[in-house]
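Below: the structure, in C-alpha cells.
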Amino acid sequence: MSQSNEKKQILVYSNDSSVRATIIAALGRRVASDIAEHVIHEFATGAALRSYVDSHTDIDLFILDGEATPEGGMGVARQLKDEVFNCPPVLVITGRVQDSWLAAWSMAEASVTHPIDPFTLAHSAAQLLRGSHLATA
C-alpha cells in the first residue's frame with residue numbers, strides 16, 4: 001500500500017445512523033498524522049454496500065457494524081472476504097468482547113466493541129490502513 005497523499009477510501013456500514021455518526025466522528029478527518037486524510041462512504045444496507053463495492057476498486061478499509069440488522073456486519077464481512085479479490089481490511093464492531101470469535105470467523109482483521117471508544121477505533125483503523133493486521137480482540 002503506497003503512502004501517497006491520495007485520500008483513503010473508508011466504507012462504513014450500519015443500519016443505525018447514530019452508529020455511523022459515532023464512527024465518522026471518531027475517525028475525524030484523518031486517523032493518524034502519518035496517514036492521508038480520508039473520505040467516508042456511508043451505507044445503511046448490505047445491498048447498497050455490495051453495489052458500491054462491485055463498481056469501485058479504490059477502497060482502503062471497511063468498518064462494519066456487527067450488530068446491524070437485518071444483515072449483520074460479520075456476515076457482510078465474510079461475504080466480502082469470500083467474494084472480493086484482494087479484499088481490503090475489515091474492522092468489525094461487535095456487541096460484546098465475547099463476540100471476538102465471530103469477528104475472527106468473519107475473517108475481519110480487527111474488531112472493537114460497542115460502545116465505540118473513539119481512540120480505540122481510530123487506532124485500529126490507522127493500523128489497518130498502514131497495512132498492519134491486528135488480531136481481533
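Order determines the names: the first chain of the C-alpha cells is A, the second B, and so forth; residues in each chain are numbered 1 upward, and ligands are numbered 1 upward as they are shown.
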Inset, instruction - Using DSSP on the backbone coordinates, identify the residues of chain A assigned to strand (DSSP E or B); present them as a list in words. - result: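 Matching residues for strand (DSSP E or B) in chain A are Lys8, Gln9, Ile10, Leu11, Val12, Tyr13, His38, Val39, Ile40, His41, Glu42, Phe43, Leu61, Phe62, Ile63, Leu64, Asp65, Val90, Leu91, Val92, Ile93, Thr94, Ala110, Ser111, Val112 and Thr113 of chain A.
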Save the residues we just selected, N, CA and C atoms, as a PDB file, in the first residue's frame?
```
ATOM      1  N   LYS A   8      -7.691   8.334   1.502  1.00  0.00           N
ATOM      2  CA  LYS A   8      -8.087   6.954   1.760  1.00  0.00           C
ATOM      3  C   LYS A   8      -9.603   6.854   1.639  1.00  0.00           C
ATOM      4  N   GLN A   9     -10.065   5.725   1.159  1.00  0.00           N
ATOM      5  CA  GLN A   9     -11.496   5.482   0.974  1.00  0.00           C
ATOM      6  C   GLN A   9     -11.960   4.489   2.037  1.00  0.00           C
ATOM      7  N   ILE A  10     -12.813   4.954   2.951  1.00  0.00           N
ATOM      8  CA  ILE A  10     -13.312   4.121   4.040  1.00  0.00           C
ATOM      9  C   ILE A  10     -14.807   3.938   3.863  1.00  0.00           C
ATOM     10  N   LEU A  11     -15.253   2.682   3.874  1.00  0.00           N
ATOM     11  CA  LEU A  11     -16.676   2.370   3.779  1.00  0.00           C
ATOM     12  C   LEU A  11     -17.197   1.986   5.152  1.00  0.00           C
ATOM     13  N   VAL A  12     -18.267   2.638   5.578  1.00  0.00           N
ATOM     14  CA  VAL A  12     -18.879   2.409   6.886  1.00  0.00           C
ATOM     15  C   VAL A  12     -20.276   1.854   6.669  1.00  0.00           C
ATOM     16  N   TYR A  13     -20.546   0.720   7.318  1.00  0.00           N
ATOM     17  CA  TYR A  13     -21.857   0.079   7.185  1.00  0.00           C
ATOM     18  C   TYR A  13     -22.507  -0.107   8.548  1.00  0.00           C
ATOM     19  N   HIS A  38      -9.043  11.039   4.756  1.00  0.00           N
ATOM     20  CA  HIS A  38      -9.901  10.016   4.166  1.00  0.00           C
ATOM     21  C   HIS A  38     -11.247  10.596   3.745  1.00  0.00           C
ATOM     22  N   VAL A  39     -11.907   9.824   2.908  1.00  0.00           N
ATOM     23  CA  VAL A  39     -13.282  10.074   2.514  1.00  0.00           C
ATOM     24  C   VAL A  39     -14.081   8.893   3.053  1.00  0.00           C
ATOM     25  N   ILE A  40     -15.202   9.194   3.692  1.00  0.00           N
ATOM     26  CA  ILE A  40     -16.037   8.125   4.241  1.00  0.00           C
ATOM     27  C   ILE A  40     -17.296   7.998   3.400  1.00  0.00           C
ATOM     28  N   HIS A  41     -17.598   6.756   3.043  1.00  0.00           N
ATOM     29  CA  HIS A  41     -18.814   6.442   2.304  1.00  0.00           C
ATOM     30  C   HIS A  41     -19.708   5.650   3.257  1.00  0.00           C
ATOM     31  N   GLU A  42     -20.905   6.148   3.521  1.00  0.00           N
ATOM     32  CA  GLU A  42     -21.825   5.518   4.477  1.00  0.00           C
ATOM     33  C   GLU A  42     -22.849   4.644   3.755  1.00  0.00           C
ATOM     34  N   PHE A  43     -23.155   3.502   4.379  1.00  0.00           N
ATOM     35  CA  PHE A  43     -24.160   2.602   3.834  1.00  0.00           C
ATOM     36  C   PHE A  43     -25.049   2.091   4.953  1.00  0.00           C
ATOM     37  N   LEU A  61     -10.513   0.503   3.353  1.00  0.00           N
ATOM     38  CA  LEU A  61     -10.913  -0.072   4.640  1.00  0.00           C
ATOM     39  C   LEU A  61     -12.427  -0.159   4.727  1.00  0.00           C
ATOM     40  N   PHE A  62     -12.899  -1.290   5.275  1.00  0.00           N
ATOM     41  CA  PHE A  62     -14.312  -1.453   5.616  1.00  0.00           C
ATOM     42  C   PHE A  62     -14.449  -1.383   7.130  1.00  0.00           C
ATOM     43  N   ILE A  63     -15.438  -0.639   7.614  1.00  0.00           N
ATOM     44  CA  ILE A  63     -15.803  -0.654   9.034  1.00  0.00           C
ATOM     45  C   ILE A  63     -17.268  -1.059   9.066  1.00  0.00           C
ATOM     46  N   LEU A  64     -17.534  -2.236   9.633  1.00  0.00           N
ATOM     47  CA  LEU A  64     -18.859  -2.838   9.577  1.00  0.00           C
ATOM     48  C   LEU A  64     -19.422  -3.059  10.977  1.00  0.00           C
ATOM     49  N   ASP A  65     -20.675  -2.681  11.165  1.00  0.00           N
ATOM     50  CA  ASP A  65     -21.358  -2.863  12.448  1.00  0.00           C
ATOM     51  C   ASP A  65     -21.876  -4.291  12.542  1.00  0.00           C
ATOM     52  N   VAL A  90     -10.876  -5.373   6.952  1.00  0.00           N
ATOM     53  CA  VAL A  90     -12.195  -5.189   7.546  1.00  0.00           C
ATOM     54  C   VAL A  90     -12.040  -5.041   9.048  1.00  0.00           C
ATOM     55  N   LEU A  91     -12.715  -4.046   9.599  1.00  0.00           N
ATOM     56  CA  LEU A  91     -12.817  -3.856  11.044  1.00  0.00           C
ATOM     57  C   LEU A  91     -14.289  -4.019  11.389  1.00  0.00           C
ATOM     58  N   VAL A  92     -14.599  -4.941  12.300  1.00  0.00           N
ATOM     59  CA  VAL A  92     -15.977  -5.203  12.693  1.00  0.00           C
ATOM     60  C   VAL A  92     -16.194  -4.666  14.104  1.00  0.00           C
ATOM     61  N   ILE A  93     -17.346  -4.055  14.303  1.00  0.00           N
ATOM     62  CA  ILE A  93     -17.715  -3.569  15.630  1.00  0.00           C
ATOM     63  C   ILE A  93     -18.697  -4.582  16.215  1.00  0.00           C
ATOM     64  N   THR A  94     -18.290  -5.221  17.302  1.00  0.00           N
ATOM     65  CA  THR A  94     -19.095  -6.278  17.915  1.00  0.00           C
ATOM     66  C   THR A  94     -19.871  -5.741  19.117  1.00  0.00           C
ATOM     67  N   ALA A 110      -9.629  -6.972  12.317  1.00  0.00           N
ATOM     68  CA  ALA A 110      -9.681  -6.355  13.637  1.00  0.00           C
ATOM     69  C   ALA A 110     -11.130  -6.222  14.085  1.00  0.00           C
ATOM     70  N   SER A 111     -11.307  -6.084  15.385  1.00  0.00           N
ATOM     71  CA  SER A 111     -12.635  -5.804  15.915  1.00  0.00           C
ATOM     72  C   SER A 111     -12.513  -4.902  17.135  1.00  0.00           C
ATOM     73  N   VAL A 112     -13.528  -4.099  17.335  1.00  0.00           N
ATOM     74  CA  VAL A 112     -13.689  -3.297  18.544  1.00  0.00           C
ATOM     75  C   VAL A 112     -15.119  -3.508  19.007  1.00  0.00           C
ATOM     76  N   THR A 113     -15.398  -3.129  20.246  1.00  0.00           N
ATOM     77  CA  THR A 113     -16.732  -3.385  20.782  1.00  0.00           C
ATOM     78  C   THR A 113     -17.543  -2.105  20.945  1.00  0.00           C
TER      79      THR A 113
END
```
Legend entry - Contact residues around A:Lys81 with only C-alpha atoms at 12 Å, ignoring same-chain residues under 3 positions, as a list in words: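 Counting only C-alpha atoms, the residues come to Arg50, Val53, Phe62, Met74, Gly75, Val76, Ala77, Arg78, Val84, Phe85, Asn86, Cys87, Pro88, Pro89, Val90, Leu91, Ala104, Trp105, Ser106, Met107, Ala108 and Glu109 of chain A.
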Just the selected residues (N, CA and C atoms), exported as a compact mmCIF listing (two decimals), in the first residue's frame, please.
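Generated output (part.txt):
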```
# COMPACT_ATOMS: atom_id res chain seq x y z
N ARG A 50 -22.64 -3.59 -1.14
CA ARG A 50 -22.18 -4.52 -2.18
C ARG A 50 -22.26 -3.90 -3.56
N VAL A 53 -19.28 -1.64 -3.88
CA VAL A 53 -18.05 -2.44 -3.99
C VAL A 53 -17.92 -3.03 -5.39
N PHE A 62 -12.90 -1.29 5.27
CA PHE A 62 -14.31 -1.45 5.62
C PHE A 62 -14.45 -1.38 7.13
N MET A 74 -20.89 -8.89 10.42
CA MET A 74 -19.99 -10.05 10.35
C MET A 74 -20.30 -10.92 9.14
N GLY A 75 -21.57 -11.09 8.85
CA GLY A 75 -21.94 -11.83 7.65
C GLY A 75 -21.51 -11.10 6.39
N VAL A 76 -21.66 -9.78 6.40
CA VAL A 76 -21.22 -8.96 5.26
C VAL A 76 -19.70 -9.09 5.10
N ALA A 77 -18.98 -9.04 6.23
CA ALA A 77 -17.51 -9.17 6.19
C ALA A 77 -17.11 -10.50 5.56
N ARG A 78 -17.74 -11.56 6.00
CA ARG A 78 -17.41 -12.90 5.48
C ARG A 78 -17.67 -12.96 3.98
N VAL A 84 -14.52 -10.77 -2.81
CA VAL A 84 -13.77 -9.63 -3.36
C VAL A 84 -12.30 -10.01 -3.48
N PHE A 85 -11.77 -9.97 -4.69
CA PHE A 85 -10.37 -10.28 -4.93
C PHE A 85 -9.50 -9.26 -4.20
N ASN A 86 -8.50 -9.73 -3.46
CA ASN A 86 -7.63 -8.86 -2.66
C ASN A 86 -8.45 -7.90 -1.80
N CYS A 87 -9.40 -8.45 -1.08
CA CYS A 87 -10.31 -7.66 -0.26
C CYS A 87 -9.54 -6.75 0.70
N PRO A 88 -9.90 -5.48 0.75
CA PRO A 88 -9.27 -4.57 1.72
C PRO A 88 -9.54 -5.05 3.15
N PRO A 89 -8.80 -4.53 4.12
CA PRO A 89 -9.02 -4.94 5.50
C PRO A 89 -10.41 -4.56 6.01
N VAL A 90 -10.88 -5.37 6.95
CA VAL A 90 -12.20 -5.19 7.55
C VAL A 90 -12.04 -5.04 9.05
N LEU A 91 -12.71 -4.05 9.60
CA LEU A 91 -12.82 -3.86 11.04
C LEU A 91 -14.29 -4.02 11.39
N ALA A 104 -13.52 -13.15 14.16
CA ALA A 104 -12.48 -14.00 13.56
C ALA A 104 -13.10 -14.90 12.48
N TRP A 105 -14.27 -15.47 12.77
CA TRP A 105 -14.96 -16.29 11.78
C TRP A 105 -15.26 -15.49 10.51
N SER A 106 -15.59 -14.21 10.68
CA SER A 106 -15.94 -13.36 9.53
C SER A 106 -14.70 -12.96 8.72
N MET A 107 -13.52 -13.34 9.21
CA MET A 107 -12.23 -13.04 8.57
C MET A 107 -11.86 -11.56 8.66
N ALA A 108 -12.46 -10.85 9.61
CA ALA A 108 -12.10 -9.45 9.84
C ALA A 108 -10.69 -9.39 10.42
N GLU A 109 -9.92 -8.40 10.00
CA GLU A 109 -8.56 -8.25 10.52
C GLU A 109 -8.54 -7.65 11.93
```
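Our summary of the geometry notes that atom CA of A:Leu27 is positioned 10.3 Å from atom CA of A:Ser124.
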Inset, instruction - Using only C-alpha atoms, pick whichever of A:Gly73, A:Gln79, A:Gly66, A:Asp54 has the shortest atom-to-atom distance to A:Asp99. - result: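 Smallest distance to A:Asp99 is found for A:Gly66.
Counting only C-alpha atoms and comparing A:Asp60, A:Gln98, A:Ile116, A:Ile23, the residue that lies closest to A:Leu128 is A:Asp60.
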Legend entry - Spatial neighbours of A:Thr45, max dist 9 Å, only C-alpha atoms, sep filter under 4 positions, as an NGL selection string: :A and (13-15 or 49-50 or 68-71)
Inset, instruction - Give the answer as one residue: which of A:Val97, A:Ala32, A:Ile59, A:Ala47 has the shortest atom-to-atom distance to A:Ala125, using only C-alpha atoms? - result: A:Ala32
Inset, instruction - Pull the alpha helix (DSSP H) assignments for chain A out of DSSP run on the backbone, and list those residues as a PyMOL selection string. - result: chain A and resi 17-27+46-55+73-83+100-105+118-129
Take the residues just selected and output them with N, CA and C atoms as a short mmCIF file (atom, residue, chain, number, x, y, z; two decimals), in the first residue's frame.
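Wrote part.cif, looks like this:
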```cif
data_model
loop_
_atom_site.label_atom_id
_atom_site.label_comp_id
_atom_site.auth_asym_id
_atom_site.auth_seq_id
_atom_site.Cartn_x
_atom_site.Cartn_y
_atom_site.Cartn_z
N SER A 17 -28.14 5.05 11.96
CA SER A 17 -27.46 6.29 11.59
C SER A 17 -26.64 6.86 12.75
N SER A 18 -27.04 6.61 13.99
CA SER A 18 -26.26 7.12 15.12
C SER A 18 -24.94 6.36 15.26
N VAL A 19 -24.92 5.08 14.92
CA VAL A 19 -23.66 4.33 14.92
C VAL A 19 -22.75 4.85 13.82
N ARG A 20 -23.29 5.08 12.64
CA ARG A 20 -22.47 5.64 11.56
C ARG A 20 -21.91 7.00 11.96
N ALA A 21 -22.73 7.84 12.58
CA ALA A 21 -22.27 9.17 13.01
C ALA A 21 -21.17 9.06 14.06
N THR A 22 -21.29 8.11 14.97
CA THR A 22 -20.26 7.90 16.00
C THR A 22 -18.95 7.47 15.37
N ILE A 23 -19.01 6.57 14.41
CA ILE A 23 -17.82 6.10 13.72
C ILE A 23 -17.15 7.27 12.98
N ILE A 24 -17.94 8.03 12.26
CA ILE A 24 -17.41 9.15 11.48
C ILE A 24 -16.77 10.19 12.40
N ALA A 25 -17.42 10.48 13.52
CA ALA A 25 -16.85 11.44 14.48
C ALA A 25 -15.55 10.91 15.06
N ALA A 26 -15.49 9.61 15.35
CA ALA A 26 -14.28 9.01 15.93
C ALA A 26 -13.11 9.06 14.95
N LEU A 27 -13.39 8.94 13.66
CA LEU A 27 -12.32 8.92 12.67
C LEU A 27 -11.81 10.31 12.32
N GLY A 46 -26.71 -3.69 3.46
CA GLY A 46 -25.68 -4.53 2.86
C GLY A 46 -25.74 -4.49 1.34
N ALA A 47 -26.96 -4.43 0.80
CA ALA A 47 -27.12 -4.40 -0.66
C ALA A 47 -26.48 -3.15 -1.26
N ALA A 48 -26.66 -2.01 -0.62
CA ALA A 48 -26.07 -0.76 -1.13
C ALA A 48 -24.55 -0.83 -1.05
N LEU A 49 -24.02 -1.38 0.03
CA LEU A 49 -22.58 -1.53 0.18
C LEU A 49 -22.02 -2.43 -0.93
N ARG A 50 -22.64 -3.59 -1.14
CA ARG A 50 -22.18 -4.52 -2.18
C ARG A 50 -22.26 -3.90 -3.56
N SER A 51 -23.30 -3.13 -3.83
CA SER A 51 -23.43 -2.46 -5.12
C SER A 51 -22.28 -1.49 -5.33
N TYR A 52 -21.91 -0.74 -4.30
CA TYR A 52 -20.78 0.19 -4.40
C TYR A 52 -19.48 -0.58 -4.63
N VAL A 53 -19.28 -1.64 -3.88
CA VAL A 53 -18.05 -2.44 -3.99
C VAL A 53 -17.92 -3.03 -5.39
N ASP A 54 -19.03 -3.42 -5.98
CA ASP A 54 -19.00 -4.01 -7.32
C ASP A 54 -18.48 -3.04 -8.38
N SER A 55 -18.60 -1.73 -8.13
CA SER A 55 -18.21 -0.76 -9.14
C SER A 55 -17.02 0.12 -8.74
N GLY A 73 -22.98 -7.06 10.21
CA GLY A 73 -21.70 -6.74 9.62
C GLY A 73 -20.75 -7.92 9.51
N MET A 74 -20.89 -8.89 10.42
CA MET A 74 -19.99 -10.05 10.35
C MET A 74 -20.30 -10.92 9.14
N GLY A 75 -21.57 -11.09 8.85
CA GLY A 75 -21.94 -11.83 7.65
C GLY A 75 -21.51 -11.10 6.39
N VAL A 76 -21.66 -9.78 6.40
CA VAL A 76 -21.22 -8.96 5.26
C VAL A 76 -19.70 -9.09 5.10
N ALA A 77 -18.98 -9.04 6.23
CA ALA A 77 -17.51 -9.17 6.19
C ALA A 77 -17.11 -10.50 5.56
N ARG A 78 -17.74 -11.56 6.00
CA ARG A 78 -17.41 -12.90 5.48
C ARG A 78 -17.67 -12.96 3.98
N GLN A 79 -18.78 -12.40 3.55
CA GLN A 79 -19.10 -12.40 2.12
C GLN A 79 -18.07 -11.59 1.33
N LEU A 80 -17.69 -10.42 1.84
CA LEU A 80 -16.68 -9.61 1.16
C LEU A 80 -15.37 -10.38 1.04
N LYS A 81 -14.94 -11.01 2.13
CA LYS A 81 -13.68 -11.76 2.12
C LYS A 81 -13.73 -12.93 1.15
N ASP A 82 -14.91 -13.55 1.03
CA ASP A 82 -15.06 -14.69 0.12
C ASP A 82 -15.15 -14.26 -1.34
N GLU A 83 -15.68 -13.07 -1.61
CA GLU A 83 -16.03 -12.71 -2.98
C GLU A 83 -15.21 -11.59 -3.60
N SER A 100 -15.70 -11.75 19.86
CA SER A 100 -14.49 -11.65 19.04
C SER A 100 -14.29 -12.90 18.19
N TRP A 101 -14.73 -14.06 18.66
CA TRP A 101 -14.59 -15.27 17.86
C TRP A 101 -15.43 -15.18 16.60
N LEU A 102 -16.58 -14.49 16.67
CA LEU A 102 -17.40 -14.30 15.48
C LEU A 102 -16.71 -13.37 14.49
N ALA A 103 -16.03 -12.36 15.00
CA ALA A 103 -15.27 -11.47 14.12
C ALA A 103 -14.17 -12.25 13.43
N ALA A 104 -13.52 -13.15 14.16
CA ALA A 104 -12.48 -14.00 13.56
C ALA A 104 -13.10 -14.90 12.48
N TRP A 105 -14.27 -15.47 12.77
CA TRP A 105 -14.96 -16.29 11.78
C TRP A 105 -15.26 -15.49 10.51
N PRO A 118 -13.67 6.21 20.73
CA PRO A 118 -13.07 6.89 19.57
C PRO A 118 -11.57 6.62 19.41
N PHE A 119 -10.82 6.61 20.50
CA PHE A 119 -9.37 6.38 20.41
C PHE A 119 -9.08 4.98 19.89
N THR A 120 -9.76 3.99 20.43
CA THR A 120 -9.55 2.60 20.02
C THR A 120 -9.92 2.40 18.55
N LEU A 121 -11.04 2.97 18.14
CA LEU A 121 -11.47 2.82 16.75
C LEU A 121 -10.47 3.48 15.81
N ALA A 122 -10.06 4.72 16.11
CA ALA A 122 -9.11 5.43 15.24
C ALA A 122 -7.77 4.70 15.20
N HIS A 123 -7.29 4.21 16.35
CA HIS A 123 -6.02 3.49 16.39
C HIS A 123 -6.10 2.20 15.55
N SER A 124 -7.18 1.46 15.70
CA SER A 124 -7.35 0.21 14.94
C SER A 124 -7.43 0.50 13.44
N ALA A 125 -8.18 1.54 13.07
CA ALA A 125 -8.30 1.91 11.66
C ALA A 125 -6.94 2.33 11.10
N ALA A 126 -6.18 3.08 11.88
CA ALA A 126 -4.85 3.52 11.44
C ALA A 126 -3.94 2.32 11.20
N GLN A 127 -3.95 1.37 12.11
CA GLN A 127 -3.11 0.18 11.94
C GLN A 127 -3.47 -0.56 10.66
N LEU A 128 -4.76 -0.69 10.39
CA LEU A 128 -5.19 -1.41 9.18
C LEU A 128 -4.83 -0.63 7.93
N LEU A 129 -4.97 0.68 7.97
CA LEU A 129 -4.63 1.50 6.81
C LEU A 129 -3.12 1.49 6.54
#
```
Legend entry - Distance of atom CA of A:Ile35 from atom CA of A:Glu6, expressed in Å to one decimal place: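 So the answer is 9.7 Å.
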Inset, instruction - Have a look at atom CA of A:Gly131 and atom CA of A:Asp16 and let me know their distance in Å, one decimal. - result: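 Taking atom CA of A:Gly131 as the start and atom CA of A:Asp16 as the end point, the length is 28.3 Å.
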